[in-house]
$ cat query-v4.pdb   # PDB, C-alpha atoms
MODEL        1
ATOM      1  CA  MET A   1       6.010  -0.191  -8.437
ATOM      2  CA  ILE A   2       4.210  -3.366  -7.559
ATOM      3  CA  HIS A   3       4.643  -6.358  -9.828
ATOM      4  CA  ALA A   4       1.804  -8.535 -11.073
ATOM      5  CA  ALA A   5       2.914 -11.770  -9.428
ATOM      6  CA  GLY A   6       2.918 -12.801  -5.755
ATOM      7  CA  GLY A   7       5.745 -15.134  -4.777
ATOM      8  CA  SER A   8       8.070 -15.119  -1.799
ATOM      9  CA  GLY A   9      10.345 -12.174  -1.215
ATOM     10  CA  ASN A  10      13.649 -11.377   0.432
ATOM     11  CA  SER A  11      13.424  -8.347   2.691
ATOM     12  CA  ASN A  12      17.199  -7.818   2.579
ATOM     13  CA  SER A  13      17.310  -7.130  -1.140
ATOM     14  CA  GLY A  14      17.098  -3.762  -2.834
ATOM     15  CA  SER A  15      18.898  -0.534  -2.086
ATOM     16  CA  ASN A  16      19.506   0.535   1.497
ATOM     17  CA  ILE A  17      18.646   4.208   2.014
ATOM     18  CA  ASN A  18      18.753   5.916   5.433
ATOM     19  CA  SER A  19      19.913   2.646   6.949
ATOM     20  CA  ASN A  20      19.625   3.925  10.529
ATOM     21  CA  GLY A  21      15.848   4.287  10.200
ATOM     22  CA  SER A  22      13.831   7.086  11.762
ATOM     23  CA  ASN A  23      10.466   7.747  13.323
ATOM     24  CA  ILE A  24       8.042  10.591  13.469
ATOM     25  CA  ASN A  25       9.139  11.498  16.993
ATOM     26  CA  GLY A  26      12.658  12.282  15.831
ATOM     27  CA  ASN A  27      14.590   9.364  17.356
ATOM     28  CA  ASN A  28      16.254   6.386  15.711
ATOM     29  CA  SER A  29      14.351   3.636  17.506
ATOM     30  CA  SER A  30      12.489   2.428  14.437
ATOM     31  CA  THR A  31      13.162  -1.184  13.633
ATOM     32  CA  ILE A  32      12.211  -0.724   9.987
ATOM     33  CA  PRO A  33      15.179  -0.300   7.630
ATOM     34  CA  SER A  34      14.647   2.136   4.791
ATOM     35  CA  THR A  35      15.077  -0.522   2.157
ATOM     36  CA  VAL A  36      12.688   1.238  -0.131
ATOM     37  CA  PRO A  37      12.374   0.635  -3.793
ATOM     38  CA  SER A  38       9.410   2.217  -5.558
ATOM     39  CA  THR A  39       6.007   1.791  -7.207
ATOM     40  CA  THR A  40       4.048   3.774  -9.776
ATOM     41  CA  LEU A  41       0.795   5.114 -11.089
ATOM     42  CA  SER A  42      -1.844   2.781 -12.368
ATOM     43  CA  THR A  43      -2.081   1.341 -15.818
ATOM     44  CA  SER A  44      -5.300  -0.320 -14.725
ATOM     45  CA  SER A  45      -7.468  -1.393 -17.615
ATOM     46  CA  SER A  46     -11.038  -0.181 -18.135
ATOM     47  CA  SER A  47     -13.675  -2.189 -19.887
ATOM     48  CA  SER A  48     -14.465  -1.172 -23.434
ATOM     49  CA  ASN A  49     -18.054  -2.378 -23.095
ATOM     50  CA  ALA A  50     -20.894  -0.680 -21.251
ATOM     51  CA  GLN A  51     -21.238  -2.162 -17.767
ATOM     52  CA  SER A  52     -23.983  -2.272 -15.211
ATOM     53  CA  GLN A  53     -24.094   0.139 -12.290
ATOM     54  CA  ASP A  54     -22.871  -2.659 -10.007
ATOM     55  CA  ASP A  55     -19.775  -3.128 -12.162
ATOM     56  CA  ASP A  56     -19.168   0.626 -12.212
ATOM     57  CA  ASP A  57     -19.100   0.588  -8.411
ATOM     58  CA  LEU A  58     -16.317  -2.008  -8.334
ATOM     59  CA  GLN A  59     -12.627  -1.181  -8.122
ATOM     60  CA  SER A  60     -10.969  -0.889 -11.557
ATOM     61  CA  ILE A  61      -7.654  -2.749 -11.506
ATOM     62  CA  HIS A  62      -5.384  -4.671 -13.872
ATOM     63  CA  HIS A  63      -6.597  -8.236 -14.382
ATOM     64  CA  HIS A  64      -3.340  -9.661 -12.965
ATOM     65  CA  PHE A  65      -4.313  -8.332  -9.532
ATOM     66  CA  ARG A  66      -8.018  -9.143  -9.502
ATOM     67  CA  SER A  67      -7.541 -12.551  -7.834
ATOM     68  CA  LYS A  68      -5.524 -11.095  -4.943
ATOM     69  CA  THR A  69      -6.919 -11.042  -1.416
ATOM     70  CA  VAL A  70      -7.913  -7.740   0.186
ATOM     71  CA  CYS A  71      -6.034  -7.289   3.485
ATOM     72  CA  LYS A  72      -6.539  -5.230   6.599
ATOM     73  CA  LEU A  73      -3.220  -3.769   7.777
ATOM     74  CA  ASN A  74      -2.267  -2.735  11.319
ATOM     75  CA  CYS A  75       0.915  -1.168  12.647
ATOM     76  CA  ALA A  76       3.174  -3.962  13.924
ATOM     77  CA  HIS A  77       4.446  -1.720  16.741
ATOM     78  CA  CYS A  78       1.212  -0.393  18.299
ATOM     79  CA  ASP A  79      -1.573  -2.300  16.488
ATOM     80  CA  ASN A  80      -3.082   0.933  15.147
ATOM     81  CA  SER A  81      -5.283   0.349  12.080
ATOM     82  CA  VAL A  82      -3.415   1.437   8.944
ATOM     83  CA  CYS A  83      -5.837   0.548   6.145
ATOM     84  CA  VAL A  84      -8.608  -1.864   5.137
ATOM     85  CA  ARG A  85      -7.701  -1.983   1.419
ATOM     86  CA  GLY A  86      -4.283  -3.645   1.481
ATOM     87  CA  MET A  87      -2.709  -5.891  -1.152
ATOM     88  CA  LYS A  88       0.390  -8.075  -0.960
ATOM     89  CA  ALA A  89       2.505  -8.188  -4.109
ATOM     90  CA  MET A  90       6.065  -7.908  -5.381
ATOM     91  CA  LEU A  91       8.143  -4.842  -6.092
ATOM     92  CA  LEU A  92       8.535  -4.036  -9.788
ATOM     93  CA  ALA A  93      12.131  -2.868  -9.465
ATOM     94  CA  ASP A  94      13.145  -5.985  -7.503
ATOM     95  CA  THR A  95      10.738  -8.954  -7.585
ATOM     96  CA  ARG A  96      12.527 -10.598  -4.644
ATOM     97  CA  ILE A  97      10.944  -8.010  -2.350
ATOM     98  CA  GLU A  98       7.374  -8.327  -1.102
ATOM     99  CA  LEU A  99       5.425  -5.335   0.150
ATOM    100  CA  TYR A 100       1.896  -4.398   1.091
ATOM    101  CA  SER A 101       0.223  -1.543  -0.738
ATOM    102  CA  THR A 102      -3.046   0.366  -0.767
ATOM    103  CA  ASP A 103      -4.848   2.511  -3.314
ATOM    104  CA  VAL A 104      -6.073   5.315  -1.039
ATOM    105  CA  PRO A 105      -4.118   7.611   1.327
ATOM    106  CA  PRO A 106      -4.243   6.058   4.828
ATOM    107  CA  LEU A 107      -5.563   8.411   7.507
ATOM    108  CA  SER A 108      -3.413   6.955  10.280
ATOM    109  CA  VAL A 109       0.015   7.697   8.767
ATOM    110  CA  GLN A 110       1.965  10.855   8.037
ATOM    111  CA  LEU A 111       4.649  11.742   5.509
ATOM    112  CA  VAL A 112       8.045  12.337   7.152
ATOM    113  CA  GLY A 113      11.362  13.662   5.872
ATOM    114  CA  GLU A 114      12.140  14.640   2.308
ATOM    115  CA  ASP A 115      11.708  12.942  -1.051
ATOM    116  CA  TYR A 116      14.519  10.632  -2.137
ATOM    117  CA  MET A 117      15.289   7.989  -4.757
ATOM    118  CA  THR A 118      16.769   4.492  -4.573
ATOM    119  CA  GLN A 119      19.113   2.630  -6.892
ATOM    120  CA  ASN A 120      16.297   0.478  -8.293
ATOM    121  CA  CYS A 121      14.508   3.125 -10.375
ATOM    122  CA  GLN A 122      13.922   6.878 -10.693
ATOM    123  CA  CYS A 123      10.708   7.102  -8.663
ATOM    124  CA  LYS A 124      10.692   9.798  -5.986
ATOM    125  CA  ILE A 125       9.476   8.479  -2.632
ATOM    126  CA  ARG A 126       8.982   9.704   0.922
ATOM    127  CA  ASP A 127       8.748   7.735   4.176
ATOM    128  CA  VAL A 128       5.446   7.401   6.028
ATOM    129  CA  ALA A 129       5.167   6.916   9.787
ATOM    130  CA  CYS A 130       2.403   5.760  12.105
ATOM    131  CA  LEU A 131       0.596   8.686  13.725
ATOM    132  CA  THR A 132       0.123   6.725  16.949
ATOM    133  CA  CYS A 133       3.619   5.413  17.720
ATOM    134  CA  GLY A 134       5.792   7.312  15.214
ATOM    135  CA  ASN A 135       7.538   4.316  13.672
ATOM    136  CA  VAL A 136       8.243   4.330   9.946
ATOM    137  CA  LEU A 137       5.958   1.812   8.247
ATOM    138  CA  GLY A 138       6.722   2.296   4.569
ATOM    139  CA  TYR A 139       6.717   5.031   1.940
ATOM    140  CA  HIS A 140       4.634   7.009  -0.528
ATOM    141  CA  ILE A 141       5.549   7.356  -4.203
ATOM    142  CA  THR A 142       5.348  11.102  -4.748
ATOM    143  CA  GLN A 143       6.534  10.975  -8.371
ATOM    144  CA  PRO A 144       6.538   7.691 -10.338
ATOM    145  CA  CYS A 145       9.211   7.215 -12.974
ATOM    146  CA  GLN A 146       8.522   6.409 -16.625
ATOM    147  CA  GLN A 147      10.009   2.904 -16.350
ATOM    148  CA  CYS A 148       7.568   1.919 -13.616
ATOM    149  CA  MET A 149       4.597   3.604 -15.264
ATOM    150  CA  GLU A 150       5.131   1.553 -18.421
ATOM    151  CA  ALA A 151       5.336  -1.758 -16.514
ATOM    152  CA  CYS A 152       2.408  -3.871 -15.342
ATOM    153  CA  ASN A 153       1.496  -2.467 -11.931
ATOM    154  CA  ASN A 154      -1.389  -2.234  -9.502
ATOM    155  CA  GLY A 155      -1.569   1.561  -9.462
ATOM    156  CA  HIS A 156      -0.905   1.833  -5.718
ATOM    157  CA  LEU A 157       1.278   4.668  -4.405
ATOM    158  CA  TRP A 158       1.263   3.837  -0.672
ATOM    159  CA  MET A 159       3.639   1.013   0.279
ATOM    160  CA  PHE A 160       4.228  -0.784   3.592
ATOM    161  CA  HIS A 161       7.107  -3.052   4.620
ATOM    162  CA  THR A 162       5.956  -6.567   5.489
ATOM    163  CA  GLU A 163       7.854  -6.436   8.792
ATOM    164  CA  ALA A 164       6.263  -3.079   9.729
ATOM    165  CA  VAL A 165       2.611  -4.125   9.544
ATOM    166  CA  THR A 166       0.440  -7.092  10.436
ATOM    167  CA  SER A 167      -2.092  -8.418   7.956
ATOM    168  CA  GLU A 168      -5.545  -9.957   8.232
ATOM    169  CA  GLU A 169      -7.650 -11.214   5.330
ATOM    170  CA  ARG A 170     -10.758  -9.106   4.846
ATOM    171  CA  LEU A 171     -14.123 -10.837   4.462
ATOM    172  CA  ASP A 172     -17.000  -9.899   2.186
ATOM    173  CA  PRO A 173     -19.940  -7.862   3.605
ATOM    174  CA  GLU A 174     -21.694 -11.091   4.636
ATOM    175  CA  GLY A 175     -18.608 -12.187   6.550
ATOM    176  CA  LYS A 176     -18.537 -15.574   4.826
ATOM    177  CA  LYS A 177     -15.947 -15.403   2.043
ATOM    178  CA  ILE A 178     -12.500 -13.866   1.697
ATOM    179  CA  LEU A 179     -12.814 -10.625  -0.275
ATOM    180  CA  LEU A 180     -10.872 -10.400  -3.536
ATOM    181  CA  TRP A 181      -9.836  -7.226  -5.320
ATOM    182  CA  ALA A 182     -12.088  -8.204  -8.229
ATOM    183  CA  HIS A 183     -15.089  -7.714  -5.910
ATOM    184  CA  LEU A 184     -13.811  -4.726  -3.916
ATOM    185  CA  PRO A 185     -15.922  -1.560  -4.283
ATOM    186  CA  ARG A 186     -14.300   1.708  -5.248
ATOM    187  CA  ALA A 187     -13.022   3.615  -2.226
ATOM    188  CA  GLU A 188     -15.934   6.057  -2.197
ATOM    189  CA  LYS A 189     -18.385   3.119  -2.298
ATOM    190  CA  ASP A 190     -16.493   0.979   0.223
ATOM    191  CA  ILE A 191     -18.582   1.067   3.406
ATOM    192  CA  GLU A 192     -15.738  -0.201   5.593
ATOM    193  CA  THR A 193     -13.411   2.541   4.316
ATOM    194  CA  VAL A 194     -16.067   5.210   4.891
ATOM    195  CA  ASN A 195     -16.749   3.919   8.417
ATOM    196  CA  THR A 196     -13.014   3.953   9.199
ATOM    197  CA  GLU A 197     -12.783   7.579   8.048
ATOM    198  CA  ASP A 198     -15.784   8.546  10.201
ATOM    199  CA  GLU A 199     -14.243   6.892  13.275
ATOM    200  CA  TYR A 200     -10.941   8.683  12.644
ATOM    201  CA  GLU A 201     -12.650  12.071  12.331
ATOM    202  CA  GLN A 202     -14.550  11.516  15.575
ATOM    203  CA  CYS A 203     -11.346  10.628  17.421
ATOM    204  CA  CYS A 204      -9.665  13.808  16.154
ATOM    205  CA  ARG A 205     -12.441  16.127  17.356
TER
ENDMDL
END

$ encode --input "query-v4.pdb" --output "structure tokens"
Amino acid sequence: MIHAAGGSGNSNSGSNINSNGSNINGNNSSTIPSTVPSTTLSTSSSSSNAQSQDDDDLQSIHHHFRSKTVCKLNCAHCDNSVCVRGMKAMLLADTRIELYSTDVPPLSVQLVGEDYMTQNCQCKIRDVACLTCGNVLGYHITQPCQQCMEACNNGHLWMFHTEAVTSEERLDPEGKKILLWAHLPRAEKDIETVNTEDEYEQCCR
């Protein structure tokens, strides 16, 4: 899970699973250690009052995360675009570890290997690798555990190691201000997400 606070993290903490690393092409050249604790499903709060249509179009997320910056993430190995709805936060199971996460399945990564668990919690997770270069970038929480579901979390199930991706702050539609999660549209209303999906589909034809 992802914790509510930001803070600095230590990438060497947490359990060390599959310490040799792997990539989608079947070799062991990945530089990303599988130091993978978990995340969980959202406990994001919904407003009890009737809201305007504009508010309904915005992303619903726990208030602790609303002031966080929206990030664009690229693969650190090949610079392939990973997602445009990234968030940097701390791991619930070990708050010394910082990760990036996103709320929608990225089109440019693929699940690899089998589900496994770490020593930090009982979440089941599976590695994800870049479709362009094959390096492991992070993991997907396939089954959140009860402990993480009951904690304050951002609801994201797709996690990326800070050393596996590069980050760029995303600007608002006018290109003037840094976009915060409080003002981020839902995925289906997010023009930049929709455009990214269209570009991906055209490349795959």

$ closest_atom_pairs --input "query-v4.pdb" --of "segment 107-130 of chain A" --to "segment 163-180 of chain A" --cutoff "12 Å" --atoms "only C-alpha atoms" --output "tab-separated table"
residue	atom	partner	partner_atom	distance
A:Val128	CA	A:Ala164	CA	11.1
A:Ala129	CA	A:Ala164	CA	10.1
A:Cys130	CA	A:Ala164	CA	9.9

$ closest_residue --input "query-v4.pdb" --among "A:Ser67, A:Gln119, A:Asn80, A:Thr102" --to "Gly155 of chain A" --atoms "all atoms listed in the file"
A:Thr102

$ closest_residue --input "query-v4.pdb" --among "A:Ala89, A:Val70, A:Ile191, A:Leu99" --to "Leu137 of chain A" --atoms "only C-alpha atoms"
A:Leu99

$ residues_around --input "query-v4.pdb" --residues "segment 121-123 of chain A" --least-positions-apart "6" --cutoff "7 Å" --atoms "all atoms listed in the file" --output "ChimeraX atom specification"
/A:38,93,141,143-145

$ resolve_selection --input "query-v4.pdb" --expression "the PyMOL selection byres ((chain A and resi 87) around 8)" --output "JSON list (two decimals) with C-alpha atoms, in the coordinates of the input"
[["chain", "number", "residue", "atom", "x", "y", "z"],
["A", 68, "LYS", "CA", -5.52, -11.10, -4.94],
["A", 69, "THR", "CA", -6.92, -11.04, -1.42],
["A", 70, "VAL", "CA", -7.91, -7.74, 0.19],
["A", 71, "CYS", "CA", -6.03, -7.29, 3.48],
["A", 85, "ARG", "CA", -7.70, -1.98, 1.42],
["A", 86, "GLY", "CA", -4.28, -3.64, 1.48],
["A", 88, "LYS", "CA", 0.39, -8.07, -0.96],
["A", 89, "ALA", "CA", 2.50, -8.19, -4.11],
["A", 100, "TYR", "CA", 1.90, -4.40, 1.09],
["A", 101, "SER", "CA", 0.22, -1.54, -0.74],
["A", 102, "THR", "CA", -3.05, 0.37, -0.77]]

$ residues_around --input "query-v4.pdb" --residues "Asp115 of chain A" --least-positions-apart "6" --cutoff "10 Å" --atoms "all atoms listed in the file" --output "list in words"
Cys123, Lys124, Ile125, Arg126, Asp127, Tyr139, His140, Ile141, Thr142 and Gln143 of chain A

$ closest_residue --input "query-v4.pdb" --among "A:Ala187, A:Ile97, A:Cys133, A:Val104" --to "Asn74 of chain A" --atoms "all atoms listed in the file"
A:Cys133

$ resolve_selection --input "query-v4.pdb" --expression "the PyMOL selection byres ((chain A and resi 131) around 10)" --output "PyMOL selection string"
chain A and resi 23-25+75+80+82+107-111+128-130+132-136

$ atom_distance --input "query-v4.pdb" --atom1 "atom CA of Asn120 of chain A" --atom2 "atom CA of His156 of chain A"
17.4 Å

$ atom_distance --input "query-v4.pdb" --atom1 "atom CA of Met117 of chain A" --atom2 "atom CA of Thr95 of chain A"
17.8 Å

$ closest_residue --input "query-v4.pdb" --among "A:Leu157, A:Arg186, A:Met90, A:Cys148" --to "Phe65 of chain A" --atoms "all atoms listed in the file"
A:Met90

$ decode --input "query-v4.pdb" --residues "segment 147-191 of chain A" --atoms "N, CA and C atoms" --output "CSV table (one decimal), in the first residue's frame"
chain,number,residue,atom,x,y,z
A,147,GLN,N,-4.9,-6.0,6.1
A,147,GLN,CA,-4.1,-5.0,6.8
A,147,GLN,C,-4.0,-3.7,6.0
A,148,CYS,N,-3.6,-3.8,4.7
A,148,CYS,CA,-3.4,-2.7,3.9
A,148,CYS,C,-4.7,-2.0,3.5
A,149,MET,N,-5.8,-2.8,3.3
A,149,MET,CA,-7.0,-2.2,2.9
A,149,MET,C,-7.6,-1.3,4.0
A,150,GLU,N,-7.3,-1.7,5.3
A,150,GLU,CA,-7.8,-0.9,6.4
A,150,GLU,C,-7.0,0.3,6.7
A,151,ALA,N,-5.8,0.4,6.2
A,151,ALA,CA,-4.9,1.6,6.4
A,151,ALA,C,-5.3,2.7,5.4
A,152,CYS,N,-4.8,3.9,5.8
A,152,CYS,CA,-5.0,5.0,4.9
A,152,CYS,C,-4.1,4.8,3.6
A,153,ASN,N,-4.7,4.8,2.5
A,153,ASN,CA,-4.0,4.5,1.3
A,153,ASN,C,-4.5,5.3,0.1
A,154,ASN,N,-3.8,5.3,-1.0
A,154,ASN,CA,-4.2,6.1,-2.2
A,154,ASN,C,-5.0,5.3,-3.2
A,155,GLY,N,-5.2,4.0,-2.9
A,155,GLY,CA,-6.1,3.2,-3.8
A,155,GLY,C,-5.4,2.8,-5.1
A,156,HIS,N,-4.1,3.0,-5.2
A,156,HIS,CA,-3.3,2.6,-6.4
A,156,HIS,C,-2.8,1.2,-6.3
A,157,LEU,N,-2.9,0.5,-7.4
A,157,LEU,CA,-2.5,-0.9,-7.4
A,157,LEU,C,-1.3,-1.2,-8.4
A,158,TRP,N,-0.8,-0.1,-9.0
A,158,TRP,CA,0.3,-0.2,-9.9
A,158,TRP,C,1.5,0.6,-9.4
A,159,MET,N,2.6,-0.1,-9.0
A,159,MET,CA,3.7,0.6,-8.3
A,159,MET,C,5.0,0.5,-9.2
A,160,PHE,N,5.8,1.6,-9.1
A,160,PHE,CA,7.0,1.7,-9.8
A,160,PHE,C,8.2,2.1,-8.9
A,161,HIS,N,9.3,1.4,-9.0
A,161,HIS,CA,10.5,1.7,-8.2
A,161,HIS,C,11.0,3.1,-8.7
A,162,THR,N,11.5,3.9,-7.7
A,162,THR,CA,12.0,5.2,-8.0
A,162,THR,C,13.2,5.2,-8.9
A,163,GLU,N,14.0,4.1,-8.8
A,163,GLU,CA,15.2,4.0,-9.6
A,163,GLU,C,14.9,3.4,-11.0
A,164,ALA,N,13.7,2.9,-11.2
A,164,ALA,CA,13.3,2.3,-12.5
A,164,ALA,C,12.6,3.3,-13.5
A,165,VAL,N,12.2,4.4,-13.0
A,165,VAL,CA,11.4,5.4,-13.8
A,165,VAL,C,12.0,6.8,-13.6
A,166,THR,N,11.8,7.6,-14.6
A,166,THR,CA,12.1,9.0,-14.4
A,166,THR,C,10.7,9.8,-14.3
A,167,SER,N,10.8,10.9,-13.6
A,167,SER,CA,9.5,11.6,-13.3
A,167,SER,C,9.6,13.1,-13.7
A,168,GLU,N,8.5,13.5,-14.2
A,168,GLU,CA,8.3,14.9,-14.6
A,168,GLU,C,7.0,15.5,-14.1
A,169,GLU,N,7.0,16.6,-13.5
A,169,GLU,CA,5.7,17.2,-13.0
A,169,GLU,C,4.8,17.5,-14.2
A,170,ARG,N,3.6,17.2,-14.0
A,170,ARG,CA,2.6,17.4,-15.1
A,170,ARG,C,1.9,18.8,-14.8
A,171,LEU,N,1.7,19.5,-15.9
A,171,LEU,CA,1.1,20.8,-15.8
A,171,LEU,C,-0.4,20.7,-16.1
A,172,ASP,N,-1.1,21.8,-15.7
A,172,ASP,CA,-2.6,21.8,-15.9
A,172,ASP,C,-2.8,22.0,-17.4
A,173,PRO,N,-4.1,21.9,-17.9
A,173,PRO,CA,-4.4,22.0,-19.3
A,173,PRO,C,-3.9,23.3,-20.0
A,174,GLU,N,-3.8,24.4,-19.2
A,174,GLU,CA,-3.3,25.7,-19.7
A,174,GLU,C,-1.7,25.7,-19.8
A,175,GLY,N,-1.1,24.7,-19.1
A,175,GLY,CA,0.4,24.7,-19.1
A,175,GLY,C,1.0,25.7,-18.3
A,176,LYS,N,0.3,26.2,-17.3
A,176,LYS,CA,0.8,27.3,-16.4
A,176,LYS,C,1.2,26.8,-15.0
A,177,LYS,N,0.3,26.0,-14.4
A,177,LYS,CA,0.5,25.5,-13.1
A,177,LYS,C,0.8,24.0,-13.0
A,178,ILE,N,1.5,23.6,-11.9
A,178,ILE,CA,1.7,22.2,-11.6
A,178,ILE,C,0.3,21.6,-11.3
A,179,LEU,N,0.0,20.5,-11.9
A,179,LEU,CA,-1.3,19.8,-11.6
A,179,LEU,C,-1.2,19.0,-10.3
A,180,LEU,N,-2.2,19.2,-9.5
A,180,LEU,CA,-2.3,18.4,-8.2
A,180,LEU,C,-3.4,17.4,-8.4
A,181,TRP,N,-3.3,16.3,-7.6
A,181,TRP,CA,-4.3,15.3,-7.6
A,181,TRP,C,-5.7,15.8,-7.3
A,182,ALA,N,-5.8,16.8,-6.5
A,182,ALA,CA,-7.1,17.4,-6.2
A,182,ALA,C,-7.9,17.9,-7.4
A,183,HIS,N,-7.1,18.3,-8.5
A,183,HIS,CA,-7.7,18.9,-9.7
A,183,HIS,C,-7.6,17.9,-10.9
A,184,LEU,N,-7.1,16.7,-10.6
A,184,LEU,CA,-7.0,15.7,-11.7
A,184,LEU,C,-8.3,15.1,-12.1
A,185,PRO,N,-8.7,15.1,-13.4
A,185,PRO,CA,-9.9,14.5,-13.8
A,185,PRO,C,-9.9,13.0,-13.6
A,186,ARG,N,-11.0,12.4,-13.6
A,186,ARG,CA,-11.1,10.9,-13.6
A,186,ARG,C,-10.4,10.4,-14.9
A,187,ALA,N,-10.0,9.2,-14.8
A,187,ALA,CA,-9.2,8.7,-16.0
A,187,ALA,C,-10.0,8.8,-17.3
A,188,GLU,N,-11.3,8.5,-17.2
A,188,GLU,CA,-12.1,8.5,-18.5
A,188,GLU,C,-12.3,9.9,-19.0
A,189,LYS,N,-12.1,10.9,-18.1
A,189,LYS,CA,-12.3,12.3,-18.5
A,189,LYS,C,-10.9,13.0,-18.7
A,190,ASP,N,-9.9,12.3,-18.5
A,190,ASP,CA,-8.5,12.9,-18.6
A,190,ASP,C,-8.1,12.9,-20.0
A,191,ILE,N,-8.1,14.0,-20.6
A,191,ILE,CA,-7.8,14.1,-22.1
A,191,ILE,C,-6.4,13.6,-22.4
